[in-house]
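Visitor: Sharing model.txt below, compact mmCIF, C-alpha atoms:
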```
# COMPACT_ATOMS: atom_id res chain seq x y z
CA VAL O 184 145.90 61.87 188.16
CA VAL O 185 145.47 65.04 186.18
CA LYS O 186 142.33 66.47 184.59
CA ILE O 187 142.64 66.42 180.79
CA LEU O 188 140.27 68.06 178.34
CA VAL O 189 140.32 66.19 175.01
CA ILE O 190 138.75 68.05 172.09
CA GLY O 191 137.85 65.85 169.16
CA ALA O 192 137.44 63.00 171.64
CA THR O 193 135.22 60.92 169.36
CA GLY O 194 137.49 61.10 166.30
CA THR O 195 139.91 58.34 165.31
CA ILE O 196 142.91 60.00 166.94
CA GLY O 197 140.93 61.51 169.81
CA GLN O 198 139.52 58.14 170.85
CA ALA O 199 142.98 56.59 170.85
CA VAL O 200 144.31 59.47 172.96
CA VAL O 201 141.46 58.97 175.43
CA ASN O 202 142.15 55.21 175.59
CA GLU O 203 145.83 55.85 176.21
CA LEU O 204 145.34 58.46 178.96
CA ALA O 205 142.12 57.32 180.66
CA PRO O 206 143.71 54.53 182.78
CA ARG O 207 145.90 57.11 184.54
CA HIS O 208 143.91 60.36 184.41
CA GLU O 209 140.52 62.04 184.50
CA ILE O 210 139.32 62.76 180.97
CA LEU O 211 136.78 65.37 179.89
CA HIS O 212 135.45 64.44 176.45
CA ALA O 213 134.66 67.37 174.17
CA GLY O 214 133.78 67.65 170.50
CA ARG O 215 131.66 69.40 167.94
CA SER O 216 128.66 67.10 167.81
CA ARG O 217 128.96 63.72 169.54
CA ALA O 218 131.01 64.16 172.74
CA PRO O 219 129.34 64.96 176.11
CA LEU O 220 130.89 68.45 176.12
CA ARG O 221 130.05 70.42 172.97
CA VAL O 222 132.46 72.96 171.57
CA ASP O 223 133.15 74.72 168.28
CA ILE O 224 136.82 75.74 168.38
CA THR O 225 136.22 78.37 165.69
CA SER O 226 133.91 80.26 168.06
CA GLU O 227 135.41 82.27 170.89
CA ALA O 228 132.00 82.29 172.64
CA SER O 229 131.78 78.50 172.44
CA LEU O 230 135.32 78.09 173.81
CA ARG O 231 134.61 80.48 176.69
CA GLU O 232 131.40 78.63 177.50
CA LEU O 233 133.24 75.30 177.56
CA PHE O 234 136.03 76.53 179.82
CA GLY O 235 133.52 78.29 182.07
CA SER O 236 131.73 74.99 182.57
CA VAL O 237 134.73 72.73 183.27
CA GLY O 238 136.70 74.83 185.77
CA LYS O 239 140.47 74.52 186.16
CA ILE O 240 142.10 71.77 184.15
CA ASP O 241 145.63 70.42 183.92
CA ALA O 242 145.94 69.61 180.24
CA ILE O 243 144.24 70.36 176.94
CA VAL O 244 144.56 68.05 173.95
CA CYS O 245 143.13 69.08 170.59
CA ALA O 246 142.63 66.46 167.90
CA ALA O 247 140.13 68.53 165.91
CA GLY O 248 140.24 70.94 163.00
CA ASN O 249 139.51 70.90 159.29
CA ALA O 250 141.42 72.07 156.26
CA HIS O 251 140.36 72.32 152.61
CA PHE O 252 141.50 69.65 150.16
CA GLY O 253 141.39 70.43 146.47
CA PRO O 254 143.46 71.38 143.43
CA LEU O 255 145.73 74.41 143.85
CA GLN O 256 144.91 75.79 140.41
CA THR O 257 141.26 76.36 141.21
CA MET O 258 141.64 77.11 144.91
CA THR O 259 139.94 80.34 145.97
CA ALA O 260 140.83 82.56 148.90
CA ASP O 261 137.58 81.49 150.58
CA GLN O 262 138.50 77.83 150.28
CA PHE O 263 141.96 78.59 151.62
CA LYS O 264 140.38 80.37 154.59
CA ILE O 265 138.67 77.14 155.66
CA GLY O 266 141.89 75.75 157.10
CA LEU O 267 143.06 79.13 158.37
CA ASP O 268 139.82 79.73 160.31
CA ASP O 269 139.23 76.16 161.48
CA LYS O 270 142.31 74.00 162.09
CA LEU O 271 144.71 76.96 162.52
CA LEU O 272 142.90 79.86 164.18
CA GLY O 273 140.59 77.42 166.00
CA GLN O 274 143.53 75.73 167.69
CA VAL O 275 145.29 79.07 168.30
CA GLN O 276 142.15 80.46 169.99
CA LEU O 277 141.87 77.27 172.01
CA ALA O 278 145.44 77.74 173.21
CA LEU O 279 145.07 81.46 173.97
CA ILE O 280 141.80 81.06 175.90
CA GLY O 281 142.60 77.65 177.32
CA ALA O 282 145.86 78.87 178.87
CA GLU O 283 143.81 81.09 181.22
CA HIS O 284 142.03 78.00 182.55
CA LEU O 285 145.05 75.75 183.03
CA THR O 286 146.68 75.04 186.36
CA ASP O 287 150.31 76.09 186.86
CA GLY O 288 152.54 73.77 184.85
CA GLY O 289 149.61 72.61 182.71
CA SER O 290 149.96 71.71 179.06
CA ILE O 291 148.41 72.28 175.66
CA THR O 292 148.83 69.75 172.86
CA LEU O 293 147.74 70.68 169.35
CA THR O 294 147.61 68.64 166.14
CA SER O 295 149.40 69.50 162.92
CA GLY O 296 150.30 66.78 160.40
CA ILE O 297 152.92 65.34 158.07
CA LEU O 298 151.83 67.54 155.15
CA SER O 299 153.72 70.40 156.77
CA ARG O 300 156.95 68.74 155.64
CA GLU O 301 155.85 66.31 152.91
CA PRO O 302 153.27 67.84 150.59
CA VAL O 303 150.76 65.93 148.47
CA LYS O 304 148.60 67.05 145.56
CA ASN O 305 145.41 68.85 146.68
CA GLY O 306 146.97 69.43 150.10
CA ALA O 307 148.30 73.00 149.86
CA ASN O 308 145.85 74.32 152.44
CA ALA O 309 146.66 71.55 154.90
CA SER O 310 150.42 71.91 154.35
CA THR O 311 150.15 75.62 155.08
CA VAL O 312 147.99 75.17 158.16
CA ASN O 313 150.07 72.34 159.61
CA ALA O 314 153.30 74.28 159.18
CA ALA O 315 151.62 77.29 160.76
CA ILE O 316 150.59 75.30 163.83
CA GLU O 317 154.16 74.09 164.26
CA GLY O 318 155.45 77.67 164.03
CA PHE O 319 152.85 78.80 166.55
CA VAL O 320 153.79 76.10 169.05
CA ARG O 321 157.50 76.98 168.88
CA ALA O 322 156.67 80.64 169.50
CA ALA O 323 153.92 80.27 172.10
CA ALA O 324 156.17 78.01 174.19
CA ILE O 325 158.50 80.89 175.05
CA GLU O 326 155.69 83.21 176.18
CA LEU O 327 153.17 81.08 178.04
CA PRO O 328 153.06 82.01 181.75
CA ARG O 329 153.10 79.89 184.93
CA GLY O 330 155.12 77.02 183.47
CA ILE O 331 152.41 76.17 180.97
CA ARG O 332 153.76 74.03 178.15
CA ILE O 333 152.64 73.69 174.53
CA ASN O 334 153.55 71.07 171.91
CA ALA O 335 152.16 69.75 168.64
CA VAL O 336 151.77 66.20 167.40
CA SER O 337 152.40 65.93 163.66
CA PRO O 338 151.18 62.52 162.55
CA THR O 339 151.38 60.74 159.23
CA VAL O 340 148.15 59.20 157.95
CA VAL O 341 146.88 56.65 160.46
CA VAL O 342 146.18 53.04 159.51
CA GLU O 343 142.61 53.30 160.78
CA SER O 344 141.88 56.23 158.43
CA LEU O 345 143.31 54.65 155.28
CA PRO O 346 139.85 53.79 153.90
CA ILE O 347 139.14 57.54 153.73
CA TYR O 348 142.53 59.23 153.38
CA GLY O 349 144.62 56.48 151.78
CA PRO O 350 144.25 57.82 148.22
CA TYR O 351 145.78 61.15 149.28
CA PHE O 352 148.77 59.45 150.90
CA ARG O 353 150.08 56.88 148.40
CA GLY O 354 153.59 55.87 149.36
CA PHE O 355 153.32 57.17 152.92
CA GLU O 356 153.86 54.59 155.64
CA ALA O 357 150.72 54.76 157.76
CA ALA O 358 151.05 54.65 161.56
CA PRO O 359 148.74 52.65 163.82
CA VAL O 360 146.70 55.21 165.74
CA GLN O 361 148.05 53.78 169.01
CA ARG O 362 151.52 54.98 168.02
CA VAL O 363 150.11 58.44 167.38
CA ALA O 364 148.41 58.37 170.80
CA TYR O 365 151.78 57.77 172.47
CA ALA O 366 153.00 61.11 171.09
CA TYR O 367 150.09 62.90 172.78
CA ALA O 368 150.91 61.12 176.04
CA LYS O 369 154.55 62.17 175.66
CA SER O 370 153.40 65.77 175.35
CA VAL O 371 150.90 65.65 178.25
CA GLU O 372 152.88 63.48 180.65
CA GLY O 373 156.37 64.57 179.64
CA ALA O 374 158.07 67.85 180.45
CA GLN O 375 159.08 69.38 177.12
CA THR O 376 157.66 72.48 175.53
CA GLY O 377 157.75 74.02 172.05
CA GLN O 378 158.19 70.58 170.48
CA VAL O 379 156.71 69.08 167.36
CA TYR O 380 156.37 65.33 167.85
CA CYS O 381 156.46 63.79 164.38
CA VAL O 382 154.90 60.35 164.06
CA GLY O 383 155.60 58.46 160.86
CA VAL V 56 166.11 89.74 130.15
CA VAL V 57 162.91 88.70 131.89
CA LYS V 58 160.02 90.87 133.10
CA ILE V 59 159.86 90.83 136.89
CA LEU V 60 157.05 92.23 139.03
CA VAL V 61 158.40 93.28 142.44
CA ILE V 62 155.76 93.93 145.09
CA GLY V 63 156.97 95.93 148.05
CA ALA V 64 159.50 97.53 145.70
CA THR V 65 160.06 100.59 147.87
CA GLY V 66 160.69 98.70 151.12
CA THR V 67 164.16 97.98 152.48
CA ILE V 68 164.29 94.46 151.07
CA GLY V 69 162.29 95.29 147.93
CA GLN V 70 164.66 98.11 146.95
CA ALA V 71 167.67 95.82 147.36
CA VAL V 72 165.99 93.15 145.22
CA VAL V 73 165.30 95.75 142.53
CA ASN V 74 168.92 96.96 142.64
CA GLU V 75 170.19 93.39 142.34
CA LEU V 76 167.93 92.41 139.42
CA ALA V 77 167.55 95.68 137.48
CA PRO V 78 170.93 95.51 135.69
CA ARG V 79 169.90 92.25 134.02
CA HIS V 80 166.10 92.42 133.76
CA GLU V 81 163.04 94.59 133.24
CA ILE V 82 161.49 95.48 136.62
CA LEU V 83 157.90 96.50 137.31
CA HIS V 84 157.75 98.30 140.66
CA ALA V 85 154.59 97.69 142.68
CA GLY V 86 153.59 98.55 146.23
CA ARG V 87 150.81 99.70 148.48
CA SER V 88 151.38 103.45 148.45
CA ARG V 89 154.63 104.70 146.95
CA ALA V 90 155.53 102.52 143.93
CA PRO V 91 154.36 103.40 140.40
CA LEU V 92 152.04 100.35 140.32
CA ARG V 93 149.63 100.33 143.28
CA VAL V 94 148.42 97.06 144.76
CA ASP V 95 146.91 95.81 148.00
CA ILE V 96 147.77 92.09 148.18
CA THR V 97 144.94 91.50 150.67
CA SER V 98 142.41 92.47 147.98
CA GLU V 99 141.62 90.03 145.18
CA ALA V 100 140.15 92.90 143.13
CA SER V 101 143.34 94.94 143.53
CA LEU V 102 145.51 91.97 142.52
CA ARG V 103 143.35 91.27 139.46
CA GLU V 104 143.51 94.92 138.45
CA LEU V 105 147.31 94.91 138.75
CA PHE V 106 147.78 91.77 136.70
CA GLY V 107 145.25 92.98 134.14
CA SER V 108 147.33 96.11 133.64
CA VAL V 109 150.81 94.55 133.36
CA GLY V 110 150.14 91.67 130.95
CA LYS V 111 152.22 88.50 130.92
CA ILE V 112 155.24 88.53 133.23
CA ASP V 113 158.09 86.10 133.85
CA ALA V 114 158.58 86.42 137.59
CA ILE V 115 156.81 87.73 140.67
CA VAL V 116 158.70 88.74 143.79
CA CYS V 117 156.80 89.68 146.94
CA ALA V 118 158.61 91.53 149.70
CA ALA V 119 155.43 92.82 151.34
CA GLY V 120 153.10 91.74 154.11
CA ASN V 121 152.44 92.59 157.75
CA ALA V 122 152.05 90.52 160.88
CA HIS V 123 150.99 91.53 164.40
CA PHE V 124 153.63 91.97 167.08
CA GLY V 125 152.56 91.88 170.70
CA PRO V 126 152.41 89.77 173.86
CA LEU V 127 150.90 86.31 173.49
CA GLN V 128 148.98 86.55 176.75
CA THR V 129 146.81 89.43 175.59
CA MET V 130 146.69 88.52 171.90
CA THR V 131 143.16 88.40 170.49
CA ALA V 132 141.91 86.39 167.54
CA ASP V 133 141.45 89.65 165.64
CA GLN V 134 145.07 90.62 166.24
CA PHE V 135 146.17 87.16 165.19
CA LYS V 136 144.15 87.51 161.98
CA ILE V 137 146.26 90.52 160.94
CA GLY V 138 149.14 88.29 159.89
CA LEU V 139 146.87 85.56 158.54
CA ASP V 140 144.98 87.99 156.28
CA ASP V 141 147.92 90.17 155.25
CA LYS V 142 151.34 88.48 155.06
CA LEU V 143 149.93 84.95 154.70
CA LEU V 144 146.68 85.04 152.70
CA GLY V 145 147.89 88.14 150.82
CA GLN V 146 150.93 86.27 149.51
CA VAL V 147 148.89 83.09 148.88
CA GLN V 148 146.34 85.07 146.83
CA LEU V 149 149.18 86.75 144.98
CA ALA V 150 150.59 83.33 144.09
CA LEU V 151 147.24 81.82 143.10
CA ILE V 152 146.20 84.76 140.90
CA GLY V 153 149.72 85.62 139.75
CA ALA V 154 150.33 82.10 138.43
CA GLU V 155 147.64 82.68 135.79
CA HIS V 156 149.61 85.66 134.47
CA LEU V 157 153.07 84.09 134.40
CA THR V 158 154.77 82.81 131.28
CA ASP V 159 155.63 79.10 131.10
CA GLY V 160 158.54 78.39 133.42
CA GLY V 161 157.95 81.63 135.32
CA SER V 162 158.57 81.98 139.04
CA ILE V 163 157.00 83.24 142.22
CA THR V 164 159.16 84.25 145.20
CA LEU V 165 157.48 84.95 148.54
CA THR V 166 158.90 86.23 151.82
CA SER V 167 158.72 84.43 155.15
CA GLY V 168 161.30 85.10 157.90
CA ILE V 169 163.59 83.63 160.53
CA LEU V 170 160.88 83.68 163.22
CA SER V 171 159.43 80.55 161.63
CA ARG V 172 162.33 78.60 163.14
CA GLU V 173 163.67 80.89 165.90
CA PRO V 174 160.87 82.53 167.87
CA VAL V 175 161.13 85.75 169.85
CA LYS V 176 158.86 87.27 172.46
CA ASN V 177 155.88 89.12 170.96
CA GLY V 178 156.42 87.30 167.68
CA ALA V 179 153.92 84.41 167.83
CA ASN V 180 151.84 85.77 164.98
CA ALA V 181 154.89 86.27 162.75
CA SER V 182 156.30 82.83 163.63
CA THR V 183 153.00 81.24 162.67
CA VAL V 184 152.65 83.17 159.44
CA ASN V 185 156.26 82.66 158.35
CA ALA V 186 156.07 78.91 158.96
CA ALA V 187 152.77 78.84 157.06
CA ILE V 188 154.31 80.54 154.03
CA GLU V 189 157.11 77.97 154.01
CA GLY V 190 154.57 75.13 154.17
CA PHE V 191 152.59 76.72 151.35
CA VAL V 192 155.61 77.06 149.10
CA ARG V 193 156.61 73.41 149.57
CA ALA V 194 153.07 72.32 148.68
CA ALA V 195 152.32 74.76 145.86
CA ALA V 196 155.57 73.78 144.11
CA ILE V 197 154.24 70.30 143.32
CA GLU V 198 150.98 71.57 141.82
CA LEU V 199 151.81 74.69 139.84
CA PRO V 200 151.30 74.13 136.08
CA ARG V 201 153.46 74.94 133.04
CA GLY V 202 156.79 74.64 134.85
CA ILE V 203 156.01 77.57 137.12
CA ARG V 204 158.28 77.59 140.17
CA ILE V 205 157.69 78.92 143.69
CA ASN V 206 160.15 79.54 146.52
CA ALA V 207 160.35 81.59 149.71
CA VAL V 208 163.16 83.69 151.10
CA SER V 209 163.35 83.49 154.89
CA PRO V 210 165.63 86.28 156.07
CA THR V 211 166.97 87.13 159.50
CA VAL V 212 166.67 90.77 160.55
CA VAL V 213 168.51 92.97 158.05
CA VAL V 214 171.24 95.38 159.13
CA GLU V 215 169.42 98.31 157.50
CA SER V 216 166.30 97.65 159.62
CA LEU V 217 168.07 97.35 162.97
CA PRO V 218 167.06 100.87 164.08
CA ILE V 219 163.41 99.69 163.98
CA TYR V 220 163.52 95.93 164.56
CA GLY V 221 166.77 95.50 166.49
CA PRO V 222 165.09 95.39 169.92
CA TYR V 223 163.02 92.37 168.83
CA PHE V 224 166.10 90.50 167.59
CA ARG V 225 168.72 90.73 170.33
CA GLY V 226 171.38 88.09 169.77
CA PHE V 227 170.43 87.51 166.14
CA GLU V 228 173.20 88.15 163.63
CA ALA V 229 171.76 90.68 161.20
CA ALA V 230 172.35 90.24 157.47
CA PRO V 231 173.19 93.09 155.11
CA VAL V 232 170.18 93.54 152.86
CA GLN V 233 172.38 92.86 149.82
CA ARG V 234 172.89 89.30 151.06
CA VAL V 235 169.12 88.89 151.38
CA ALA V 236 168.71 90.24 147.84
CA TYR V 237 171.01 87.48 146.52
CA ALA V 238 168.53 84.89 147.82
CA TYR V 239 165.73 86.47 145.77
CA ALA V 240 168.00 86.43 142.70
CA LYS V 241 168.78 82.76 143.38
CA SER V 242 165.05 82.04 143.37
CA VAL V 243 164.25 84.12 140.27
CA GLU V 244 167.31 83.31 138.17
CA GLY V 245 167.93 79.78 139.46
CA ALA V 246 165.95 76.67 138.63
CA GLN V 247 164.78 75.23 141.95
CA THR V 248 161.22 75.09 143.23
CA GLY V 249 159.61 74.44 146.62
CA GLN V 250 162.67 75.80 148.39
CA VAL V 251 162.99 78.00 151.45
CA TYR V 252 166.16 80.08 151.13
CA CYS V 253 167.21 80.94 154.67
CA VAL V 254 169.47 83.98 155.03
CA GLY V 255 171.15 84.46 158.38
```
As structure tokens, what does this structure read like?
Guide:
Amino acid sequence: VVKILVIGATGTIGQAVVNELAPRHEILHAGRSRAPLRVDITSEASLRELFGSVGKIDAIVCAAGNAHFGPLQTMTADQFKIGLDDKLLGQVQLALIGAEHLTDGGSITLTSGILSREPVKNGANASTVNAAIEGFVRAAAIELPRGIRINAVSPTVVVESLPIYGPYFRGFEAAPVQRVAYAYAKSVEGAQTGQVYCVG
Amino acid sequence: VVKILVIGATGTIGQAVVNELAPRHEILHAGRSRAPLRVDITSEASLRELFGSVGKIDAIVCAAGNAHFGPLQTMTADQFKIGLDDKLLGQVQLALIGAEHLTDGGSITLTSGILSREPVKNGANASTVNAAIEGFVRAAAIELPRGIRINAVSPTVVVESLPIYGPYFRGFEAAPVQRVAYAYAKSVEGAQTGQVYCVG
């Protein structure tokens, strides 16, 4: 049994990750507005408050973070910054601060997404941010101390989110969210580091 | 003969790109402090002023942009933002604004770097930013209007920069800057889009 902090625990992917890991481990549920532990990953103060309150943990899973969707031709720098500040820098800050609160050999699992390798219209911000997260994970893996590992899960659109995201992902084979949850378990309960687990 | 705006024209790579393209094309030399045309790619106002002054152009090459180098364990969000604001968002803004000033079928060529795929210690910010640029180029390529193309050149360390960057890149085979310049010519004078031309 290890102690796992799941951020975005009430989201579609987060819930599936919790369901997959809860039978074997202790789960701390965190999120922006609905989970028992509140955290805003874009705020260093909020992250420090969260980690101060939970003590040492063995694994961090992040299934949270927003990017901007919209046409490239009218995209402004401020719109582009949404993904940079939230899904990218939010997860990077989580990793940098979270690493201090992990036990030796602990792990960090971030979320990128299939748009890093297969772009869609209106998705330039997400493609950029997802690719960035994958680059960060490869690099951070070789510098994290005390045997701490870091990986990313890069899922395709999930079946359960098709009502919302389906129109963006025509022609993509959707993955059941359970299959995506396995990738998070592989990261947390496996032994690899610096990996991008692509699902779909 | 096409009209090519080269940003970072006085840098090691920029000079080589100019030397490669100048015999066949008209070159506009731009840069932060030493080139005839001054531009700060992190400033939208500066970019708009530049493009307002040069009129319609056929190609944009960017060989400019900084990232932060330093240990992951002590890296702050503000340090991490250096690369996000400069090499990443600077080049993204250049592409978004520059596209409006390109002729039909024009091209944009950005610069990423080998750290996107092969990380080194102290290079987490550069790995992230370089991967992000490659994700952006793949995505922007499918949305740019009027046949405008966009690619990235992702060079290894160049021989001519080894006195400065060599210690970061032990074991990497350096490429002569002329070989890197060919990749920019391939992007500008070729016909592909959404490509990442890896050199080294």
Visitor: Skipping near chain neighbours, those fewer than 5 positions away, what residues fall within 10 Å of Ser344 of chain O using all atoms listed in the file, listed as a ChimeraX atom specification?
Guide: /O:195-196,349,357-360
Visitor: Write out as a list in words each polymer residue whose atoms come within 12 Å of Arg79 of chain V, counting only C-alpha atoms; drop sequence neighbours fewer than 6 positions from it.
Guide: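 In the requested form, the answer reads Val56, Val57, Lys58, Ile59, Val72, Val73, Ala240, Val243 and Glu244 of chain V.
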Visitor: Within 8 Å of segment 318-329 of chain O, counting only C-alpha atoms, which residues qualify if same-chain residues fewer than 4 places away don't, as a ChimeraX atom specification?
Guide: /O:275,282,287-288,314,333-335,376-379 /V:126-128,171-180,182-187
Visitor: Could you please determine the separation between atom CA of Ala366 of chain O and atom CA of Val382 of chain O in Å, to one decimal place?
Guide: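 Pair atom CA of Ala366 of chain O / atom CA of Val382 of chain O returns 7.3 Å.
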Visitor: Would you mind reading off the distance between atom CA of Gln134 of chain V and atom CA of Leu279 of chain O, one decimal, in Å?
Guide: 12.0 Å
Visitor: Using all atoms listed in the file for the distances, tell me which of V:Tyr223, V:Phe135, V:Tyr239, V:Phe106 is nearest to chain O.
Guide: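 Between V:Tyr223, V:Phe135, V:Tyr239, V:Phe106, the residue approaching chain O most closely is V:Phe135.
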Visitor: Please report the interatomic distance between atom CA of Thr294 of chain O and atom CA of Cys245 of chain O in Å with one decimal.
Guide: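 Pair atom CA of Thr294 of chain O / atom CA of Cys245 of chain O returns 6.3 Å.
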Visitor: Kindly provide, as lines of an AutoDock Vina configuration file, the centre and edge lengths (Å, one decimal) of an axis-aligned box around all atoms of segment 235-240 of chain O given in the file, with 3 Å on each side.
Guide:
```
center_x = 136.9
center_y = 75.0
center_z = 184.1
size_x = 16.4
size_y = 12.5
size_z = 10.1
```
Visitor: Which residues are near Lys369 of chain O? Cut-off 10 Å, all atoms listed in the file, ignore same chain within fewer than 6 positions. Put them as a list in words.
Guide: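 Surrounding residues, per the criterion: Thr292, Asn334, Val336, Gln375 and Tyr380 of chain O.
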Visitor: Which is closer to Val116 of chain V than all the others in V:Thr158, V:Gln146, V:Thr131, V:Ser101, using only C-alpha atoms?
Guide: V:Gln146
Visitor: Identify which of the residues V:Leu157, V:Val213, V:Ile219, V:Ala122 lies closest to Leu144 of chain V, counting all atoms listed in the file when measuring atom-to-atom distances.
Guide: V:Ala122
Visitor: Would you mind telling me which residue in V:Glu75, V:Glu189, V:Glu228, V:Glu104 lies nearest to chain O when using only C-alpha atoms?
Guide: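 Using only C-alpha atoms, chain O sits closest to V:Glu189.
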Visitor: If we draw a sphere of 7 Å around (159.3, 90.8, 145.3), which residues have at least one atom in it when counting only C-alpha atoms? Please report them as a list in words.
Guide: Leu60, Val61, Ile62, Gly63, Ala64, Gly69, Ile115, Val116, Cys117, Ala118, Thr164 and Leu165 of chain V
Visitor: Give the answer as one residue: which of O:Leu230, O:Met258, O:Cys381, O:Leu345 has the shortest atom-to-atom distance to chain V, using only C-alpha atoms?
Guide: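 Selected residue with least distance to chain V: O:Met258.
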Visitor: Check the smallest atom-to-atom distance from each of V:Lys136, V:Arg225, V:Arg103, V:Arg89 to chain O using only C-alpha atoms, then report the winner.
Guide: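 Closest residue, counting only C-alpha atoms: V:Lys136.
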Visitor: Which residues are near Thr225 of chain O? Cut-off 8 Å, all atoms listed in the file, ignore same chain within fewer than 4 positions. Put them as a ChimeraX atom specification.
Guide: /O:268-269,272-273,276
